[in-house]
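Heads up: the structure comes next, in structure tokens.
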Amino acid sequence: MKIGFASDIHRLVEGRRLILAGVVIPYELGEKAHSDGDVVYHAVAESILGALALGDLGKHFPDSDNQYKDIDSSIIVQRVVTMMKDRGCFINNIDISITLEKPKLKDYIELMRANIAKLLETDIENVSVKAGTNEGCGPLGRNEAVKAESIVLLKEAQ
């Protein structure tokens, strides 16, 4: 078994879409990023890279490389899943926490879980997604940013 953890945060700005786990959330602010800014997919991918001791997203998908400009973050997850499978591993379970003051995400959680499960080629029962606020504290609480954290447990194929 291998465990990995990652955290990703992006500023919220006007003129960008808010995308979380592949779901476009109707809102006036979105993530400022080189890619599409999906903090959930970034945390998921980086937690898998961490479990495999392969470094971080910047090593594999540098923001200095224009091929990743506005890239759909599901492509990043797919590439990381290929790395995982090439090393003989698969998802045991993954737990994701999203911190966002508004909008509320409860109506989108099940779709997020389904999207993640499909990309990770695992059952939805192996995917947990939770959302909460920062209770008005700091940049997250002032709704200046969105953050996702992911912890993953990988199993090695036998």
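Residues are named by chain letter and number: chains run A, B, ... in the order of the structure tokens, numbers start at 1 in each chain, and ligands are numbered from 1 in the order shown.
Residues surrounding Gly58 (chain A) within 12 Å are A:Asp8, A:His34, A:Ser35, A:His42, A:Ala45, A:Glu46, A:Leu49, A:Leu54, A:Pro62, A:Asp63, A:Ser64, A:Asp65, A:Tyr68, A:Ile76 [only C-alpha atoms; sequence separation below 4 positions excluded].
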I want to know what sits within 12 Å of Ile116 (chain A), based on only C-alpha atoms, with residues of the same chain fewer than 6 positions away left out; could you give that as a PyMOL selection string?
chain A and resi 20-23+40-45+73-74+77-78+81+91+93-96+109-110+122-129+150
Which residues come within 8 Å of Glu14 (chain A), counting only C-alpha atoms, excluding same-chain residues fewer than 4 positions away, as an NGL selection string?
:A and (28-30)
Step one, run DSSP on the backbone; step two, keep only residues of region 77-130 of chain A assigned to strand (DSSP E or B); then write them as number ranges by chain.
A: 89-99, 127-130
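Shortest atom-to-atom contact with Arg16 (chain A) among A:Arg79, A:Lys2, A:Lys32, A:Arg87: A:Lys32, counting only C-alpha atoms.
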Which residues come within 8 Å of Asn143 (chain A), counting only C-alpha atoms, excluding same-chain residues fewer than 6 positions away, as a list of chain:residue names?
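Using only C-alpha atoms, the neighbours found are A:Leu12, A:Leu100, A:Glu101, A:Lys102.
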Atomic separation - CA of Asp38 (chain A) relative to CA of Asn92 (chain A), Å
22.8 Å
His10 (chain A): which residues within 7 Å, counting only C-alpha atoms, same-chain residues fewer than 6 positions away excluded, as an NGL selection string?
:A and (31-33 or 39 or 145-147)
Restricting it to N, CA and C atoms, dump the selection as a compact mmCIF listing (two decimals), in the first residue's frame.
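What landed in result37.txt:
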```txt
# COMPACT_ATOMS: atom_id res chain seq x y z
N GLU A 31 -11.56 30.06 -10.98
CA GLU A 31 -10.17 29.89 -10.57
C GLU A 31 -9.20 30.58 -11.54
N LYS A 32 -8.28 31.33 -10.96
CA LYS A 32 -7.18 31.91 -11.73
C LYS A 32 -6.08 30.86 -11.80
N ALA A 33 -5.72 30.45 -13.02
CA ALA A 33 -4.73 29.39 -13.17
C ALA A 33 -4.22 29.34 -14.60
N VAL A 39 -9.09 22.81 -8.93
CA VAL A 39 -8.28 22.47 -7.76
C VAL A 39 -8.51 21.04 -7.28
N ALA A 145 -10.44 32.70 -2.51
CA ALA A 145 -9.77 31.52 -3.03
C ALA A 145 -10.61 30.28 -2.77
N VAL A 146 -10.25 29.21 -3.47
CA VAL A 146 -10.83 27.88 -3.28
C VAL A 146 -9.67 26.91 -3.07
N LYS A 147 -9.88 25.94 -2.19
CA LYS A 147 -8.82 24.99 -1.85
C LYS A 147 -9.37 23.57 -1.88
```
